[in-house]
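Pasted below: my_file13.txt, compact mmCIF, C-alpha atoms and all ligand atoms.
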```
# COMPACT_ATOMS: atom_id res chain seq x y z
CA MET Q 1 121.71 -9.99 -79.30
CA GLU Q 2 122.25 -12.02 -82.48
CA GLY Q 3 119.73 -14.49 -83.76
CA LEU Q 4 116.84 -13.40 -81.57
CA PRO Q 5 113.62 -12.70 -83.46
CA ILE Q 6 112.81 -9.74 -81.21
CA SER Q 7 115.39 -7.36 -79.74
CA PRO Q 8 115.64 -7.51 -75.92
CA TRP Q 9 115.31 -3.71 -76.07
CA THR Q 10 111.86 -4.04 -77.58
CA VAL Q 11 110.88 -6.38 -74.75
CA PHE Q 12 112.34 -3.95 -72.21
CA LEU Q 13 110.55 -0.92 -73.64
CA TYR Q 14 107.16 -2.64 -73.74
CA ALA Q 15 107.61 -3.85 -70.17
CA LEU Q 16 108.71 -0.34 -69.12
CA LEU Q 17 105.49 0.99 -70.63
CA THR Q 18 103.52 -1.36 -68.36
CA ALA Q 19 105.36 0.07 -65.33
CA VAL Q 20 104.71 3.69 -66.30
CA ALA Q 21 101.01 2.92 -66.78
CA THR Q 22 100.75 2.00 -63.08
CA GLY Q 23 101.41 5.66 -62.18
CA LEU Q 24 98.20 6.66 -63.97
CA GLY Q 25 96.27 5.00 -61.14
CA ALA Q 26 97.23 7.87 -58.82
CA LEU Q 27 95.72 10.54 -61.08
CA PRO Q 28 92.11 10.43 -59.83
CA PHE Q 29 93.45 11.81 -56.55
CA LEU Q 30 94.31 15.08 -58.31
CA PHE Q 31 90.57 15.76 -58.34
CA THR Q 32 89.64 14.76 -54.80
CA ARG Q 33 89.82 16.92 -51.72
CA GLY Q 34 88.82 16.66 -48.10
CA ILE Q 35 89.23 12.93 -47.48
CA THR Q 36 87.42 11.92 -44.28
CA ARG Q 37 88.08 8.87 -42.05
CA ARG Q 38 85.04 7.23 -43.63
CA HIS Q 39 86.51 7.75 -47.09
CA LEU Q 40 89.72 6.14 -45.86
CA GLY Q 41 87.68 3.10 -44.80
CA LEU Q 42 85.87 2.88 -48.12
CA ALA Q 43 89.15 3.41 -49.99
CA ASN Q 44 90.59 0.41 -48.17
CA ALA Q 45 87.53 -1.64 -49.14
CA ALA Q 46 87.97 -0.63 -52.80
CA ALA Q 47 91.68 -1.51 -52.68
CA ALA Q 48 90.81 -4.90 -51.14
CA GLY Q 49 88.30 -5.63 -53.90
CA LEU Q 50 90.74 -4.67 -56.66
CA MET Q 51 93.44 -6.87 -55.12
CA VAL Q 52 91.20 -9.91 -54.60
CA ALA Q 53 89.91 -9.73 -58.17
CA ALA Q 54 93.44 -9.21 -59.54
CA SER Q 55 94.57 -12.27 -57.54
CA PHE Q 56 91.98 -14.46 -59.18
CA GLY Q 57 93.19 -13.19 -62.54
CA LEU Q 58 96.71 -14.31 -61.59
CA ILE Q 59 95.50 -17.74 -60.44
CA TYR Q 60 93.56 -18.36 -63.65
CA GLU Q 61 96.61 -17.25 -65.62
CA GLY Q 62 98.80 -19.69 -63.64
CA VAL Q 63 96.35 -22.58 -64.07
CA ASN Q 64 96.77 -22.23 -67.84
CA TYR Q 65 100.34 -23.43 -67.28
CA SER Q 66 99.97 -25.81 -64.33
CA LEU Q 67 97.33 -26.21 -61.60
CA GLY Q 68 99.70 -27.97 -59.20
CA ARG Q 69 102.50 -25.43 -59.48
CA THR Q 70 100.06 -22.53 -59.16
CA LEU Q 71 98.73 -23.99 -55.88
CA VAL Q 72 102.28 -24.57 -54.63
CA GLY Q 73 102.86 -20.89 -55.41
CA VAL Q 74 99.77 -19.82 -53.44
CA GLY Q 75 101.09 -21.81 -50.45
CA LEU Q 76 104.51 -20.17 -50.75
CA GLY Q 77 102.87 -16.75 -51.04
CA LEU Q 78 100.96 -17.38 -47.82
CA LEU Q 79 104.08 -18.48 -46.02
CA PHE Q 80 106.01 -15.49 -47.31
CA ILE Q 81 103.40 -12.93 -46.32
CA LEU Q 82 102.98 -14.44 -42.83
CA LEU Q 83 106.72 -14.24 -42.24
CA ALA Q 84 106.95 -10.71 -43.66
CA HIS Q 85 104.03 -9.59 -41.51
CA ARG Q 86 105.55 -11.02 -38.31
CA TYR Q 87 108.90 -9.50 -39.17
CA LEU Q 88 107.45 -6.02 -39.68
CA GLU Q 89 105.10 -6.15 -36.69
CA GLY Q 90 107.58 -5.37 -33.97
CA ARG Q 91 109.59 -2.85 -35.96
CA GLU Q 92 109.68 0.90 -36.44
CA VAL Q 93 109.06 1.63 -40.09
CA ASN Q 94 109.27 4.97 -41.86
CA LEU Q 95 108.23 5.53 -45.44
CA GLY Q 96 108.79 9.12 -46.55
CA ASP Q 97 106.72 11.26 -44.18
CA LEU Q 98 104.73 8.30 -42.91
CA LYS Q 99 105.54 6.78 -39.54
CA GLY Q 100 104.36 3.91 -37.35
CA LEU Q 101 101.28 1.93 -38.33
CA ASP Q 102 100.49 3.99 -41.43
CA ALA Q 103 104.02 3.47 -42.73
CA ARG Q 104 103.80 -0.27 -42.06
CA LYS Q 105 100.55 -0.59 -44.02
CA ALA Q 106 101.95 1.51 -46.86
CA LEU Q 107 105.13 -0.56 -46.94
CA MET Q 108 103.21 -3.86 -46.97
CA MET Q 109 101.03 -2.59 -49.80
CA VAL Q 110 103.92 -1.33 -51.94
CA GLY Q 111 105.98 -4.43 -51.07
CA ILE Q 112 103.30 -6.92 -52.06
CA MET Q 113 102.39 -5.13 -55.25
CA THR Q 114 106.10 -4.98 -56.14
CA LEU Q 115 106.44 -8.71 -55.43
CA HIS Q 116 103.52 -9.56 -57.68
CA SER Q 117 105.08 -7.53 -60.51
CA PHE Q 118 107.99 -9.99 -60.66
CA ALA Q 119 105.60 -12.70 -61.78
CA GLU Q 120 103.96 -10.39 -64.31
CA GLY Q 121 107.36 -9.34 -65.67
CA VAL Q 122 108.22 -13.00 -66.24
CA GLY Q 123 104.81 -13.31 -67.92
CA VAL Q 124 105.68 -10.51 -70.36
CA GLY Q 125 109.07 -12.06 -71.18
CA VAL Q 126 107.62 -15.54 -71.69
CA ALA Q 127 104.90 -14.05 -73.91
CA PHE Q 128 107.53 -12.41 -76.16
CA GLY Q 129 109.12 -15.86 -76.39
CA GLY Q 130 105.88 -16.87 -78.13
CA GLY Q 131 106.25 -14.13 -80.76
CA GLU Q 132 106.07 -10.35 -81.03
CA ALA Q 133 102.29 -10.14 -81.51
CA LEU Q 134 101.63 -12.16 -78.34
CA GLY Q 135 104.25 -10.18 -76.40
CA VAL Q 136 102.80 -6.82 -77.42
CA PHE Q 137 99.27 -7.99 -76.63
CA ILE Q 138 100.22 -9.26 -73.14
CA SER Q 139 102.24 -6.07 -72.46
CA LEU Q 140 99.28 -3.87 -73.33
CA ALA Q 141 96.92 -6.05 -71.27
CA ILE Q 142 99.24 -5.82 -68.25
CA ALA Q 143 99.74 -2.07 -68.78
CA VAL Q 144 95.99 -1.48 -68.67
CA HIS Q 145 95.57 -3.88 -65.73
CA ASN Q 146 98.29 -1.96 -63.86
CA ILE Q 147 96.23 1.24 -63.81
CA PRO Q 148 93.66 -0.02 -61.25
CA GLU Q 149 96.56 -1.57 -59.32
CA GLY Q 150 98.17 1.86 -59.12
CA LEU Q 151 94.76 3.06 -57.97
CA ALA Q 152 94.71 0.37 -55.25
CA ILE Q 153 98.14 1.50 -54.02
CA SER Q 154 97.12 5.16 -54.12
CA LEU Q 155 93.89 4.35 -52.26
CA VAL Q 156 96.07 3.13 -49.39
CA LEU Q 157 98.78 5.82 -49.59
CA VAL Q 158 97.01 9.12 -50.36
CA PRO Q 159 94.43 9.06 -47.53
CA ARG Q 160 97.36 8.42 -45.16
CA GLY Q 161 99.10 11.60 -46.23
CA VAL Q 162 101.29 10.67 -49.23
CA SER Q 163 101.13 13.27 -52.05
CA VAL Q 164 99.62 12.36 -55.43
CA LEU Q 165 103.06 12.57 -57.01
CA GLY Q 166 104.43 10.33 -54.25
CA ALA Q 167 101.64 7.81 -54.82
CA ALA Q 168 102.34 7.87 -58.58
CA PHE Q 169 106.03 7.28 -57.83
CA TRP Q 170 105.37 4.29 -55.56
CA SER Q 171 102.90 2.91 -58.09
CA VAL Q 172 105.49 3.02 -60.89
CA PHE Q 173 108.09 1.66 -58.46
CA SER Q 174 105.86 -1.33 -57.68
CA SER Q 175 105.89 -2.24 -61.39
CA LEU Q 176 109.62 -1.82 -62.05
CA PRO Q 177 110.19 -5.58 -61.69
CA GLN Q 178 108.21 -5.91 -64.93
CA PRO Q 179 110.89 -4.45 -67.25
CA LEU Q 180 113.65 -5.94 -65.07
CA MET Q 181 112.25 -9.48 -65.22
CA ALA Q 182 110.84 -9.41 -68.76
CA VAL Q 183 114.26 -9.29 -70.46
CA PRO Q 184 115.91 -12.27 -68.69
CA ALA Q 185 112.63 -14.21 -68.93
CA TYR Q 186 112.60 -13.57 -72.70
CA LEU Q 187 116.29 -14.46 -73.15
CA PHE Q 188 116.01 -17.64 -71.06
CA VAL Q 189 112.40 -18.45 -71.73
CA GLU Q 190 112.89 -22.22 -71.38
CA ALA Q 191 114.40 -21.81 -67.92
CA PHE Q 192 111.77 -19.34 -66.67
CA HIS Q 193 108.73 -21.08 -68.06
CA PRO Q 194 108.31 -23.74 -65.29
CA PHE Q 195 108.43 -21.07 -62.55
CA LEU Q 196 105.82 -18.77 -64.05
CA PRO Q 197 102.76 -20.51 -62.49
CA VAL Q 198 104.57 -20.67 -59.11
CA GLY Q 199 105.23 -16.91 -59.25
CA LEU Q 200 101.67 -16.11 -60.28
CA GLY Q 201 100.25 -18.26 -57.47
CA LEU Q 202 102.68 -16.78 -54.95
CA ALA Q 203 101.62 -13.23 -55.82
CA ALA Q 204 97.93 -14.16 -55.62
CA GLY Q 205 98.30 -15.84 -52.22
CA ALA Q 206 100.06 -12.80 -50.75
CA MET Q 207 97.54 -10.35 -52.22
CA ILE Q 208 94.44 -12.19 -50.96
CA TRP Q 209 95.98 -12.45 -47.49
CA MET Q 210 96.81 -8.73 -47.46
CA ALA Q 211 93.25 -7.83 -48.44
CA ALA Q 212 91.81 -9.98 -45.64
CA ALA Q 213 94.29 -9.23 -42.87
CA GLU Q 214 95.03 -5.55 -43.41
CA LEU Q 215 92.70 -3.75 -45.78
CA LEU Q 216 89.29 -5.08 -44.73
CA PRO Q 217 89.79 -4.78 -40.95
CA ASP Q 218 90.95 -1.18 -41.52
CA ALA Q 219 87.95 -0.53 -43.72
CA LEU Q 220 85.58 -1.80 -41.02
CA LYS Q 221 87.25 0.38 -38.38
CA GLU Q 222 86.52 3.58 -40.29
CA ALA Q 223 83.28 2.92 -42.15
CA GLU Q 224 80.06 0.97 -41.57
CA ALA Q 225 79.89 -2.68 -42.72
CA GLU Q 226 77.16 -1.99 -45.28
CA GLY Q 227 79.22 0.63 -47.07
CA VAL Q 228 82.40 -1.47 -46.91
CA ALA Q 229 80.64 -4.54 -48.30
CA THR Q 230 78.99 -2.53 -51.06
CA VAL Q 231 82.26 -0.95 -52.19
CA LEU Q 232 84.05 -4.33 -51.95
CA THR Q 233 81.40 -6.09 -54.05
CA LEU Q 234 81.40 -3.37 -56.70
CA SER Q 235 85.19 -3.17 -56.94
CA VAL Q 236 85.55 -6.96 -57.30
CA ALA Q 237 82.87 -7.03 -60.00
CA LEU Q 238 84.28 -4.06 -61.90
CA MET Q 239 87.85 -5.40 -61.79
CA VAL Q 240 86.74 -8.84 -63.03
CA ALA Q 241 84.74 -7.23 -65.85
CA PHE Q 242 87.68 -4.98 -66.67
CA GLN Q 243 90.14 -7.88 -66.80
CA ILE Q 244 87.86 -9.86 -69.08
CA LEU Q 245 87.37 -6.85 -71.36
CA ILE Q 246 91.13 -6.33 -71.77
CA GLY Q 247 91.68 -10.08 -72.07
CA GLY Q 248 94.46 -10.07 -69.45
ZN ZN C 301 98.88 -7.25 -61.48
```
Go through the file and emit its structure as structure tokens.
Amino acid sequence: MEGLPISPWTVFLYALLTAVATGLGALPFLFTRGITRRHLGLANAAAAGLMVAASFGLIYEGVNYSLGRTLVGVGLGLLFILLAHRYLEGREVNLGDLKGLDARKALMMVGIMTLHSFAEGVGVGVAFGGGEALGVFISLAIAVHNIPEGLAISLVLVPRGVSVLGAAFWSVFSSLPQPLMAVPAYLFVEAFHPFLPVGLGLAAGAMIWMAAAELLPDALKEAEAEGVATVLTLSVALMVAFQILIGG
């Protein structure tokens, strides 16, 4: 497009890179074998910790723009996830080879992580509106932050029987809204800007709820509370440290 300081293609390619990075989160599963029920429990605890910590990152990011609109977003996220949960509860869901309860959990996980990527895609686009250096920096920060999110998705999918390649696919899929939203957000940055904190809050509200309602109860069913709490604490701490280190 004429007159734009940065080509929309550049924005698209950087945002696509962030999506591809999410697939890297599935790779540790290439080196693990013989997952027991207890491992499934602890994997759920780790996924919960990563999601809670990532949610706080989103809230702090939103508060930089507007506290009020971020909190409105959290409320909307809660409402959305409650409705989605009730809708799915009475329904037969299949996801690839998964059926029943496992498929429902997997679908909720992929669905919520996909939803939260919309907000991050807008974040990338808005950042490019502030100049190429800022846009590239935010893209790289989100790309790196997507890797543990791909890990969180894979921690839910692989122990339930999805292949590593399948988990990598769903991880990348969950981040596709990033390239799709980044370009319109960059082109119409003035119009998107006010909604960014709402989107960030919405994603955070849904992710915290998912961790509390789905991942932790599952974790406690399969593994002892001490182990679950230890893994949860460590994964929250590591994700917070990681996010601060990458500045995202
Ligand atoms: Zn994220």
Sorted by chain and rising residue number, list the residues of chain Q at most 7 Å from ligand ZN 301 (chain C) (counting all atoms listed in the file), each with its closest atom pair and distance in Å to one decimal, as a Markdown table.
```
| residue | atom | partner | partner_atom | distance |
| --- | --- | --- | --- | --- |
| Q:Ala54 | CA | C:ZN301 | ZN | 6.1 |
| Q:His116 | CA | C:ZN301 | ZN | 6.4 |
| Q:Ser117 | CA | C:ZN301 | ZN | 6.3 |
| Q:Glu120 | CA | C:ZN301 | ZN | 6.6 |
| Q:Ile142 | CA | C:ZN301 | ZN | 6.9 |
| Q:His145 | CA | C:ZN301 | ZN | 6.4 |
| Q:Asn146 | CA | C:ZN301 | ZN | 5.8 |
| Q:Glu149 | CA | C:ZN301 | ZN | 6.5 |
```
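Between Q:Val72 and the residues Q:Pro28, Q:Gly125, Q:Pro148, Q:Gly201, the shortest atom-to-atom distance, using only C-alpha atoms, involves Q:Gly201.
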Restricting to all atoms listed in the file, whichever of Q:Leu27, Q:Ala206, Q:Val126, Q:Val183 is closest to Q:Pro8 is Q:Val183
Stretch 235-239 of chain Q: which residues within 8 Å, counting all atoms listed in the file, same-chain residues fewer than 3 positions away excluded, as a PyMOL selection string?
chain Q and resi 46-47+49-50+52-54+148+231-232+242-243
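Using all atoms listed in the file, the protein and nucleic acid residues lying no more than 8 Å from Q:Leu24, apart from those fewer than 6 places from it along its own chain, are Ile147, Gly150, Leu151 and Ala168 of chain Q.
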Restricting the calculation to only C-alpha atoms, which member of Q:Leu187, Q:Ser174, Q:Val156, Q:Thr70 is positioned closest to Q:Ala127?
Q:Leu187
Quick one: residues within 12 Å of (96.2, -18.2, -59.0) (file frame), counting all atoms listed in the file, please, as number ranges by chain.
Q: 52-77, 116, 119, 196-208
Mind dumping the selected residues with C-alpha atoms as an mmCIF file, in the coordinates of the input?
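Output (again-v8.cif):
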```cif
data_model
loop_
_atom_site.group_PDB
_atom_site.id
_atom_site.type_symbol
_atom_site.label_atom_id
_atom_site.label_comp_id
_atom_site.auth_asym_id
_atom_site.auth_seq_id
_atom_site.Cartn_x
_atom_site.Cartn_y
_atom_site.Cartn_z
ATOM 1 C CA VAL Q 52 91.200 -9.910 -54.600
ATOM 2 C CA ALA Q 53 89.910 -9.730 -58.170
ATOM 3 C CA ALA Q 54 93.440 -9.210 -59.540
ATOM 4 C CA SER Q 55 94.570 -12.270 -57.540
ATOM 5 C CA PHE Q 56 91.980 -14.460 -59.180
ATOM 6 C CA GLY Q 57 93.190 -13.190 -62.540
ATOM 7 C CA LEU Q 58 96.710 -14.310 -61.590
ATOM 8 C CA ILE Q 59 95.500 -17.740 -60.440
ATOM 9 C CA TYR Q 60 93.560 -18.360 -63.650
ATOM 10 C CA GLU Q 61 96.610 -17.250 -65.620
ATOM 11 C CA GLY Q 62 98.800 -19.690 -63.640
ATOM 12 C CA VAL Q 63 96.350 -22.580 -64.070
ATOM 13 C CA ASN Q 64 96.770 -22.230 -67.840
ATOM 14 C CA TYR Q 65 100.340 -23.430 -67.280
ATOM 15 C CA SER Q 66 99.970 -25.810 -64.330
ATOM 16 C CA LEU Q 67 97.330 -26.210 -61.600
ATOM 17 C CA GLY Q 68 99.700 -27.970 -59.200
ATOM 18 C CA ARG Q 69 102.500 -25.430 -59.480
ATOM 19 C CA THR Q 70 100.060 -22.530 -59.160
ATOM 20 C CA LEU Q 71 98.730 -23.990 -55.880
ATOM 21 C CA VAL Q 72 102.280 -24.570 -54.630
ATOM 22 C CA GLY Q 73 102.860 -20.890 -55.410
ATOM 23 C CA VAL Q 74 99.770 -19.820 -53.440
ATOM 24 C CA GLY Q 75 101.090 -21.810 -50.450
ATOM 25 C CA LEU Q 76 104.510 -20.170 -50.750
ATOM 26 C CA GLY Q 77 102.870 -16.750 -51.040
ATOM 27 C CA HIS Q 116 103.520 -9.560 -57.680
ATOM 28 C CA ALA Q 119 105.600 -12.700 -61.780
ATOM 29 C CA LEU Q 196 105.820 -18.770 -64.050
ATOM 30 C CA PRO Q 197 102.760 -20.510 -62.490
ATOM 31 C CA VAL Q 198 104.570 -20.670 -59.110
ATOM 32 C CA GLY Q 199 105.230 -16.910 -59.250
ATOM 33 C CA LEU Q 200 101.670 -16.110 -60.280
ATOM 34 C CA GLY Q 201 100.250 -18.260 -57.470
ATOM 35 C CA LEU Q 202 102.680 -16.780 -54.950
ATOM 36 C CA ALA Q 203 101.620 -13.230 -55.820
ATOM 37 C CA ALA Q 204 97.930 -14.160 -55.620
ATOM 38 C CA GLY Q 205 98.300 -15.840 -52.220
ATOM 39 C CA ALA Q 206 100.060 -12.800 -50.750
ATOM 40 C CA MET Q 207 97.540 -10.350 -52.220
ATOM 41 C CA ILE Q 208 94.440 -12.190 -50.960
#
```
At a cut-off of 12 Å from (108.8, 1.1, -62.3) in the coordinates of the file, what residues are picked up using all atoms listed in the file, written as a short mmCIF file (atom, residue, chain, number, x, y, z; two decimals) with C-alpha atoms, in the frame of the given file?
```
data_model
loop_
_atom_site.label_atom_id
_atom_site.label_comp_id
_atom_site.auth_asym_id
_atom_site.auth_seq_id
_atom_site.Cartn_x
_atom_site.Cartn_y
_atom_site.Cartn_z
CA PHE Q 12 112.34 -3.95 -72.21
CA LEU Q 13 110.55 -0.92 -73.64
CA ALA Q 15 107.61 -3.85 -70.17
CA LEU Q 16 108.71 -0.34 -69.12
CA LEU Q 17 105.49 0.99 -70.63
CA THR Q 18 103.52 -1.36 -68.36
CA ALA Q 19 105.36 0.07 -65.33
CA VAL Q 20 104.71 3.69 -66.30
CA ALA Q 21 101.01 2.92 -66.78
CA THR Q 22 100.75 2.00 -63.08
CA GLY Q 23 101.41 5.66 -62.18
CA VAL Q 110 103.92 -1.33 -51.94
CA MET Q 113 102.39 -5.13 -55.25
CA THR Q 114 106.10 -4.98 -56.14
CA SER Q 117 105.08 -7.53 -60.51
CA PHE Q 118 107.99 -9.99 -60.66
CA GLY Q 121 107.36 -9.34 -65.67
CA ALA Q 143 99.74 -2.07 -68.78
CA ASN Q 146 98.29 -1.96 -63.86
CA GLY Q 150 98.17 1.86 -59.12
CA ALA Q 168 102.34 7.87 -58.58
CA PHE Q 169 106.03 7.28 -57.83
CA TRP Q 170 105.37 4.29 -55.56
CA SER Q 171 102.90 2.91 -58.09
CA VAL Q 172 105.49 3.02 -60.89
CA PHE Q 173 108.09 1.66 -58.46
CA SER Q 174 105.86 -1.33 -57.68
CA SER Q 175 105.89 -2.24 -61.39
CA LEU Q 176 109.62 -1.82 -62.05
CA PRO Q 177 110.19 -5.58 -61.69
CA GLN Q 178 108.21 -5.91 -64.93
CA PRO Q 179 110.89 -4.45 -67.25
CA LEU Q 180 113.65 -5.94 -65.07
CA MET Q 181 112.25 -9.48 -65.22
#
```
Selected residue, from Q:Leu165, Q:Met51, Q:Leu40, Q:Met210, that lies nearest to Q:Phe80 when counting only C-alpha atoms
Q:Met210
What's the 10 Å shell around Q:Glu89, counting all atoms listed in the file, without same-chain residues fewer than 5 positions away, as an mmCIF file with C-alpha atoms, in the frame of the given file?
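Once everything was written out, this is part-v8.cif:
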```cif
data_model
loop_
_atom_site.group_PDB
_atom_site.id
_atom_site.type_symbol
_atom_site.label_atom_id
_atom_site.label_comp_id
_atom_site.auth_asym_id
_atom_site.auth_seq_id
_atom_site.Cartn_x
_atom_site.Cartn_y
_atom_site.Cartn_z
ATOM 1 C CA LEU Q 83 106.720 -14.240 -42.240
ATOM 2 C CA ALA Q 84 106.950 -10.710 -43.660
ATOM 3 C CA LEU Q 101 101.280 1.930 -38.330
ATOM 4 C CA ARG Q 104 103.800 -0.270 -42.060
#
```
Hey, which of Q:Gly123, Q:Leu30, Q:Trp9, Q:Gly41 ends up closest to Q:Gly227? Count all atoms listed in the file.
Q:Gly41
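Compared by their closest atoms to Q:Gly166, and using all atoms listed in the file, the residues Q:Leu78, Q:Leu88, Q:Ile153, Q:Ala211 rank with Q:Ile153 nearest.
We find atom CA of Q:Ala212 and atom CA of Q:Met109 to be spaced 12.5 Å apart.
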Atom CA of Q:Val164 to atom CA of Q:Gly25, distance in Å rounded to a single decimal:
9.9 Å
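Interatomic distance, atom CA of Q:Gly111 to atom CA of Q:Val93: 12.9 Å.
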